[in-house]
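Notes to accompany the following structure.
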Amino acid sequence: MSRKPYEPTLPNTWWLEKPFYIRYMLREMTSFFVGAYVAILIVGLWQLSQGPDAWGSFLGVLSHPLSVIFHVLAFVFATFHTVTWFALTPRTTPIMRGDHFVPPGPIIGAQYVIWAAASIVVLAAVLW
Amino acid sequence: MDVIETDIAIVGAGGAGLRAAIAAAEADPSLSVTLLSKVYPMRSHTVAAEGGAAGVAKAEDSLDHHFNDTVSGGDWLCDQDAVDFFVAQAPKELIRTEHWGCPWSRTPDGKVAVRPFGGMKIERTWYAADKTGFHLLHTLFQTSMKYPSVKRLDEVYTTDLLIEDGRIAGVLAHEIRSGKPMVILARSVIICTGGAGRVFPFTTNGAIKTGDGMAMAFRAGVPLKDMEFVQYHPTGLPGTGILISEAARGEGGILVNKDGYRYLQDYGMGPPDPWPRKKAMELGPRDRLSQAFWQEQQKGRCIDSKWGDVMHLDLRHLGEAKIAERLPFIRDLALSYVGVDVVNAPIPVRPVVHYTMGGIHTDITAGTPVPGLYAAGECACVSINGANRLGSNSLTELLVFGAVAGRNAAAHARGVPMPSHTNALAQADGHRKRVVALLERSKGTESVVGLRTALNDTMETGCGIYRTEDSLRATVETLAVLKTRFANVAIDDKSGVYNTDLTGAIELGNMIEIGETMALSALQRTESRGSHQRLDHPARDDAAFLKHSMAHRVEGEAPRVEYRDVVITRSQPAERVYGGEAK
Amino acid sequence: MSDTTTFTLEVLRYNPESDDVPHAESFSVPYQEDWVVLDALNWVKDNVDGSLTFRWSCHMAVCGSCGMMVNNEPVLSCKAFLRDYLKDGKGTITVGALKNFPVEKDLVIVMDSFMEKLEAVKPWIIRTTEKPVEEGTFIQLPKQLKRFKHHTSCINCLLCYAACPQVGLNPGFIGPAALALAHRYNLDSRDQGKDLRKDVTASEYGVWECTFVSACSEVCPKDVEPAGAIQEQKIESSIDWALDHLIPGRKAR
């Protein structure tokens, strides 16, 4: 005649239970690649400051097949990260116009427009 | 048995109980307030109210208009001193909830918006879209958390009142999750346990609305007033009985029969204007509209659906934007439960048991004849609702009289000593035996579901929208038998922890007692008034029945029904006029 | 019964007086096209086993009592139609208590922790001075109401707590519903209590415990958008932190 609540624990494999959680974990994992790529960029900058030889050897490492594979992966994951974050933006920053919220479509779309514009500016700066 | 001492015990934590708790805490923060409920407060059925709460808001409206609408809507069975007090307090109480954060819908300039409801001369229904009860309940619940003197006992089921020397001494309850009995000794007790719609099989009421508080008070010697008056809401979803708010009609929805004809014009409610005319057609009072459905049914003019006879409530002409803004919950409910998108198709509806006008006999102070015992909300009968409650008066009622009960209970608690432990414990032991017997009885021949079904069936067949001497007599006899059979009820679950089988059985016992007061009061009222319609006595009889029925409990027998004069101050009984002639 | 289609309702049951862990029990239940999972549970309670224990009341998706795991998804059982889970009325539906809560008995969870968290965020209007009733209502423009209205729709059904892995991993986390309600009051034009609530919402148990899984918003039956409410509070909290470090004396407020 007395209480004895059952205390469940969350198993370590909780994230394998549903595709929704798996996608979330994937998004979390992309942070590693995004972070690693940023680290490489910083190393590159530092190498550049050390003179032509250092920069040359840095470029040499980059052209290694493993490095190329890493960059392809990093690009895929960074894209995944970006797209999923863009999709979540209407939740984090709701915008009101007049008496109503701006629907998610334009908010997400605007980010792609800014992304494309930024990419064009960078490309232009590199090519010219 | 555990004993808790408190200055004020409140049984029921819906709108009325929470408002009472806040009022008591504000009246005197030094008093301890214990708020008991068989469910968590936000599960209380106030949550399901949709349309709104009435209170004079517009310049062209007046307290007199609210008074007159209420009194004529109640077929002159309302106590007019109480109605006067109620309409005067209504706007103030509603303003308080606005200050507490209730998200009332607004006009473009930021004032609180009002909409028309049935039987209303000028629109005065404050609304929060079509989830007013939900927002009001959560506002009250969340606001109640800021008062340190209010201590909640959630999911603690009160079974009996304790009385000492004719005055209240506390309550007997048990904690549902442990089964542990507890005595709450209190200087004042307020009952706010809601209505008893579950006595009927087809109702908008949630599972918890089993008339517990009414039955407790009844057993403690308090008469139940006007129990024969049970409101049918004209528009419930067939099958489930889910409420489709009167707001749907307030916003302009129309009711049509199988010929697409607005049949209400045949029942003194016309003319059938294309726009919502106040106090006419679909904006008539609930009793008249539910009765019109029954009349049409007799004439074979209902729509035949897979759920049986229905009428169509058509909102299509309101347009998607208005429906999305004003009636989003209705749209969601209709889509989910009958597969109808109200933007494109009419909703099938039929009358459904909605509200018990009657209840624990209280006066304008929310007090009962037992000193220290108060009641407010649907479980009480003040009476401002008379023979037929106007839509949107009940949410306001629970605020106005919940607050009154809280303040008066606080004043009373300050003036009386704490009741004695010995006396209360002895009484509690006696009451507890009834509960223990249910747990221990292993050879019972009756089941809760069997008796509940029999109760529901006999209430519907004998005590429905239209009643006759024969139907009521048969129901009264059946209920007497059910009372005896209940003594043999056995339950499957014998455990102490969270035993819903046990609470279900206690609720059933309560409902049988309540059902009996309804049927017996209805049998003895040989007239037709408001929601009480007798085919064998179709006229109102003011000479004999401008009176409240008062059902008193008699141990081992049927209740004894006495009568009490209605308080008439300034509105003499007249004919109720709706439609084009309405004033 | 011969011409009635039946399906299997598999209920994860737990009786604290005889069990140490929950176990599945199957019931054969008649299929009705209009029925929801709650109706099936009530059919079992009325006809097979009166000891089957679950909470319910309104049967119209507003009281918030009947949340449970149906086929491992947190849903309101009064709005979970059998027809959406079965093919031709046949098959199996599994039902269990909401995840991430202690189980009292069968489908009943212990929700004390939520009640404490709710109270902790001070979900009421806080004002420096109360407005007298005689002065009437506040002016609140439709757009001001619209700004927070969706966050007021929470029915405390706790589906979001069952869906949130962070709640499961850190039981102290204030969690989606309570944080959304804190945000609801913070955004209300009538409220002045944001700074008081921050003590809890921006604490180690507050918004920063959220990793934006956003499962809460996915399962919310009332579109309360708790995930959004939490992210907005993170942004505010970050700006606050930055300003506190940039403007001397600001934090003292």
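Scheme for the structure tokens: letters A, B, ... for chains in order shown; per-chain residue numbers from 1; ligand numbers from 1 in order shown.
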Mind dumping a table of every chain C residue within 6 Å of chain A, with the nearest atom pair and its distance in Å to one decimal, using only C-alpha atoms, sorted by chain and rising number, as JSON lines?
```
{"residue": "C:Pro16", "atom": "CA", "partner": "A:Lys4", "partner_atom": "CA", "distance": 5.3}
{"residue": "C:Pro102", "atom": "CA", "partner": "A:Glu7", "partner_atom": "CA", "distance": 4.6}
{"residue": "C:Val103", "atom": "CA", "partner": "A:Tyr6", "partner_atom": "CA", "distance": 4.9}
{"residue": "C:Glu104", "atom": "CA", "partner": "A:Pro5", "partner_atom": "CA", "distance": 4.6}
{"residue": "C:Lys143", "atom": "CA", "partner": "A:Asp99", "partner_atom": "CA", "distance": 4.2}
{"residue": "C:Gly168", "atom": "CA", "partner": "A:Leu10", "partner_atom": "CA", "distance": 5.8}
{"residue": "C:Gly228", "atom": "CA", "partner": "A:Arg91", "partner_atom": "CA", "distance": 4.3}
{"residue": "C:Gln231", "atom": "CA", "partner": "A:Thr92", "partner_atom": "CA", "distance": 5.1}
{"residue": "C:Glu232", "atom": "CA", "partner": "A:Thr92", "partner_atom": "CA", "distance": 5.4}
```
Could you write those residues out with N, CA, C and O atoms, as a PDB file, in the first residue's frame?
```
ATOM      1  N   PRO C  16       3.144  -0.613  -8.799  1.00  0.00           N
ATOM      2  CA  PRO C  16       4.221  -0.431  -7.816  1.00  0.00           C
ATOM      3  C   PRO C  16       4.142  -1.442  -6.673  1.00  0.00           C
ATOM      4  O   PRO C  16       5.132  -1.650  -5.967  1.00  0.00           O
ATOM      5  N   PRO C 102       9.164   9.870 -13.783  1.00  0.00           N
ATOM      6  CA  PRO C 102       8.929   8.658 -12.998  1.00  0.00           C
ATOM      7  C   PRO C 102       7.500   8.165 -13.242  1.00  0.00           C
ATOM      8  O   PRO C 102       6.603   8.975 -13.488  1.00  0.00           O
ATOM      9  N   VAL C 103       7.325   6.856 -13.202  1.00  0.00           N
ATOM     10  CA  VAL C 103       6.000   6.282 -13.434  1.00  0.00           C
ATOM     11  C   VAL C 103       5.372   5.915 -12.089  1.00  0.00           C
ATOM     12  O   VAL C 103       5.940   5.130 -11.328  1.00  0.00           O
ATOM     13  N   GLU C 104       4.206   6.488 -11.825  1.00  0.00           N
ATOM     14  CA  GLU C 104       3.509   6.166 -10.570  1.00  0.00           C
ATOM     15  C   GLU C 104       2.858   4.804 -10.669  1.00  0.00           C
ATOM     16  O   GLU C 104       3.003   3.951  -9.804  1.00  0.00           O
ATOM     17  N   LYS C 143      -1.333  43.663 -32.238  1.00  0.00           N
ATOM     18  CA  LYS C 143       0.000  43.162 -32.588  1.00  0.00           C
ATOM     19  C   LYS C 143       0.812  42.837 -31.332  1.00  0.00           C
ATOM     20  O   LYS C 143       1.663  41.946 -31.348  1.00  0.00           O
ATOM     21  N   GLY C 168      15.606  14.368 -20.356  1.00  0.00           N
ATOM     22  CA  GLY C 168      15.958  13.015 -19.926  1.00  0.00           C
ATOM     23  C   GLY C 168      17.368  12.943 -19.363  1.00  0.00           C
ATOM     24  O   GLY C 168      17.628  12.211 -18.406  1.00  0.00           O
ATOM     25  N   GLY C 228      11.327  27.834 -30.083  1.00  0.00           N
ATOM     26  CA  GLY C 228      11.560  29.210 -30.474  1.00  0.00           C
ATOM     27  C   GLY C 228      11.668  30.115 -29.255  1.00  0.00           C
ATOM     28  O   GLY C 228      12.556  30.963 -29.174  1.00  0.00           O
ATOM     29  N   GLN C 231      15.083  29.747 -27.756  1.00  0.00           N
ATOM     30  CA  GLN C 231      16.177  30.349 -28.531  1.00  0.00           C
ATOM     31  C   GLN C 231      16.139  31.875 -28.428  1.00  0.00           C
ATOM     32  O   GLN C 231      17.168  32.534 -28.319  1.00  0.00           O
ATOM     33  N   GLU C 232      14.914  32.423 -28.452  1.00  0.00           N
ATOM     34  CA  GLU C 232      14.812  33.878 -28.307  1.00  0.00           C
ATOM     35  C   GLU C 232      15.384  34.332 -26.974  1.00  0.00           C
ATOM     36  O   GLU C 232      16.028  35.373 -26.871  1.00  0.00           O
TER      37      GLU C 232
END
```
Selection near Thr107 of chain B, 9 Å with only C-alpha atoms, sequence-local residues under 5 positions removed, as a PDB file with all heavy atoms, in the first residue's frame:
```pdb
ATOM      1  N   VAL B 112     -10.433  45.751 -24.773  1.00  0.00           N
ATOM      2  CA  VAL B 112     -10.938  44.388 -24.786  1.00  0.00           C
ATOM      3  C   VAL B 112     -12.142  44.298 -25.722  1.00  0.00           C
ATOM      4  O   VAL B 112     -13.046  45.141 -25.663  1.00  0.00           O
ATOM      5  CB  VAL B 112     -11.325  43.957 -23.350  1.00  0.00           C
ATOM      6  CG1 VAL B 112     -12.141  42.683 -23.377  1.00  0.00           C
ATOM      7  CG2 VAL B 112     -10.065  43.761 -22.511  1.00  0.00           C
ATOM      8  N   ALA B 113     -12.148  43.302 -26.595  1.00  0.00           N
ATOM      9  CA  ALA B 113     -13.232  43.133 -27.555  1.00  0.00           C
ATOM     10  C   ALA B 113     -14.375  42.340 -26.919  1.00  0.00           C
ATOM     11  O   ALA B 113     -14.148  41.537 -26.016  1.00  0.00           O
ATOM     12  CB  ALA B 113     -12.723  42.405 -28.796  1.00  0.00           C
ATOM     13  N   VAL B 114     -15.594  42.602 -27.352  1.00  0.00           N
ATOM     14  CA  VAL B 114     -16.740  41.815 -26.890  1.00  0.00           C
ATOM     15  C   VAL B 114     -17.516  41.288 -28.087  1.00  0.00           C
ATOM     16  O   VAL B 114     -17.499  41.894 -29.160  1.00  0.00           O
ATOM     17  CB  VAL B 114     -17.688  42.628 -25.976  1.00  0.00           C
ATOM     18  CG1 VAL B 114     -17.102  42.793 -24.594  1.00  0.00           C
ATOM     19  CG2 VAL B 114     -18.033  43.977 -26.584  1.00  0.00           C
TER      20      VAL B 114
ATOM     21  N   GLN C 140      -3.804  47.024 -24.949  1.00  0.00           N
ATOM     22  CA  GLN C 140      -2.863  46.087 -25.567  1.00  0.00           C
ATOM     23  C   GLN C 140      -3.284  45.942 -27.023  1.00  0.00           C
ATOM     24  O   GLN C 140      -4.377  45.433 -27.309  1.00  0.00           O
ATOM     25  CB  GLN C 140      -2.902  44.736 -24.847  1.00  0.00           C
ATOM     26  CG  GLN C 140      -1.868  43.743 -25.365  1.00  0.00           C
ATOM     27  CD  GLN C 140      -1.737  42.524 -24.452  1.00  0.00           C
ATOM     28  OE1 GLN C 140      -2.661  41.741 -24.298  1.00  0.00           O
ATOM     29  NE2 GLN C 140      -0.564  42.370 -23.848  1.00  0.00           N
ATOM     30  N   LEU C 141      -2.450  46.415 -27.902  1.00  0.00           N
ATOM     31  CA  LEU C 141      -2.803  46.387 -29.318  1.00  0.00           C
ATOM     32  C   LEU C 141      -2.785  44.956 -29.836  1.00  0.00           C
ATOM     33  O   LEU C 141      -2.047  44.111 -29.316  1.00  0.00           O
ATOM     34  CB  LEU C 141      -1.819  47.247 -30.123  1.00  0.00           C
ATOM     35  CG  LEU C 141      -1.822  48.734 -29.750  1.00  0.00           C
ATOM     36  CD1 LEU C 141      -0.688  49.465 -30.450  1.00  0.00           C
ATOM     37  CD2 LEU C 141      -3.181  49.367 -30.085  1.00  0.00           C
ATOM     38  N   PRO C 142      -3.599  44.681 -30.863  1.00  0.00           N
ATOM     39  CA  PRO C 142      -3.616  43.317 -31.418  1.00  0.00           C
ATOM     40  C   PRO C 142      -2.216  42.795 -31.752  1.00  0.00           C
ATOM     41  O   PRO C 142      -1.923  41.626 -31.534  1.00  0.00           O
ATOM     42  CB  PRO C 142      -4.487  43.458 -32.666  1.00  0.00           C
ATOM     43  CG  PRO C 142      -5.439  44.569 -32.325  1.00  0.00           C
ATOM     44  CD  PRO C 142      -4.629  45.524 -31.488  1.00  0.00           C
TER      45      PRO C 142
END
```
Chain B contacts to chain C at 6 Å (only C-alpha atoms) as a PyMOL selection string: chain B and resi 43+95+100-101+106+110-111+142-143+206-208+449+492-493+501
What would the file look like if the residues just selected were written as a compact mmCIF listing (two decimals), in the first residue's frame with C-alpha atoms?
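Heads up, here's the output in out_10.txt:
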```
# COMPACT_ATOMS: atom_id res chain seq x y z
CA ARG B 43 -7.21 19.88 -15.73
CA ILE B 95 -10.81 43.71 -15.40
CA TRP B 100 -3.48 39.25 -14.15
CA GLY B 101 -2.57 38.61 -17.75
CA ARG B 106 -8.66 43.06 -28.53
CA GLY B 110 -6.22 47.85 -27.90
CA LYS B 111 -9.37 47.70 -25.79
CA GLN B 142 -0.59 30.78 -12.59
CA THR B 143 -1.59 33.90 -10.66
CA GLY B 206 -15.26 16.07 -18.77
CA ALA B 207 -14.92 12.79 -16.90
CA ILE B 208 -14.27 14.59 -13.64
CA VAL B 449 -19.61 0.44 -15.38
CA ASP B 492 -11.14 -4.73 -9.61
CA ASP B 493 -8.38 -2.57 -8.24
CA ASP B 501 -11.23 2.29 -9.89
```
d(atom CA of Phe33 of chain A, atom CA of Phe77 of chain A) in Å: 6.8 Å
What are the residues of chain B that have an atom within 8 Å of an atom of chain A, counting only C-alpha atoms, as a list in words? Arg177, Ser178, Gly179, Ser495, Gly496 and Val497 of chain B
May I have the selected residues written with N, CA, C and O atoms, as a JSON list (two decimals), in the first residue's frame?
```json
[["chain", "number", "residue", "atom", "x", "y", "z"],
["B", 177, "ARG", "N", -2.43, 9.34, -5.04],
["B", 177, "ARG", "CA", -1.26, 8.56, -5.42],
["B", 177, "ARG", "C", -0.77, 7.63, -4.32],
["B", 177, "ARG", "O", 0.00, 6.71, -4.62],
["B", 178, "SER", "N", -1.19, 7.85, -3.08],
["B", 178, "SER", "CA", -0.77, 6.92, -2.04],
["B", 178, "SER", "C", -1.95, 6.21, -1.40],
["B", 178, "SER", "O", -1.77, 5.20, -0.70],
["B", 179, "GLY", "N", -3.13, 6.72, -1.64],
["B", 179, "GLY", "CA", -4.31, 6.14, -1.01],
["B", 179, "GLY", "C", -4.45, 6.55, 0.46],
["B", 179, "GLY", "O", -5.37, 6.13, 1.15],
["B", 495, "SER", "N", -5.68, -1.78, -4.87],
["B", 495, "SER", "CA", -4.40, -1.23, -4.43],
["B", 495, "SER", "C", -4.56, 0.17, -3.84],
["B", 495, "SER", "O", -5.59, 0.82, -3.99],
["B", 496, "GLY", "N", -3.53, 0.59, -3.16],
["B", 496, "GLY", "CA", -3.56, 1.90, -2.53],
["B", 496, "GLY", "C", -3.08, 2.99, -3.46],
["B", 496, "GLY", "O", -3.52, 4.14, -3.37],
["B", 497, "VAL", "N", -2.20, 2.64, -4.38],
["B", 497, "VAL", "CA", -1.57, 3.65, -5.23],
["B", 497, "VAL", "C", -2.44, 3.99, -6.44],
["B", 497, "VAL", "O", -2.83, 3.10, -7.21]]
```
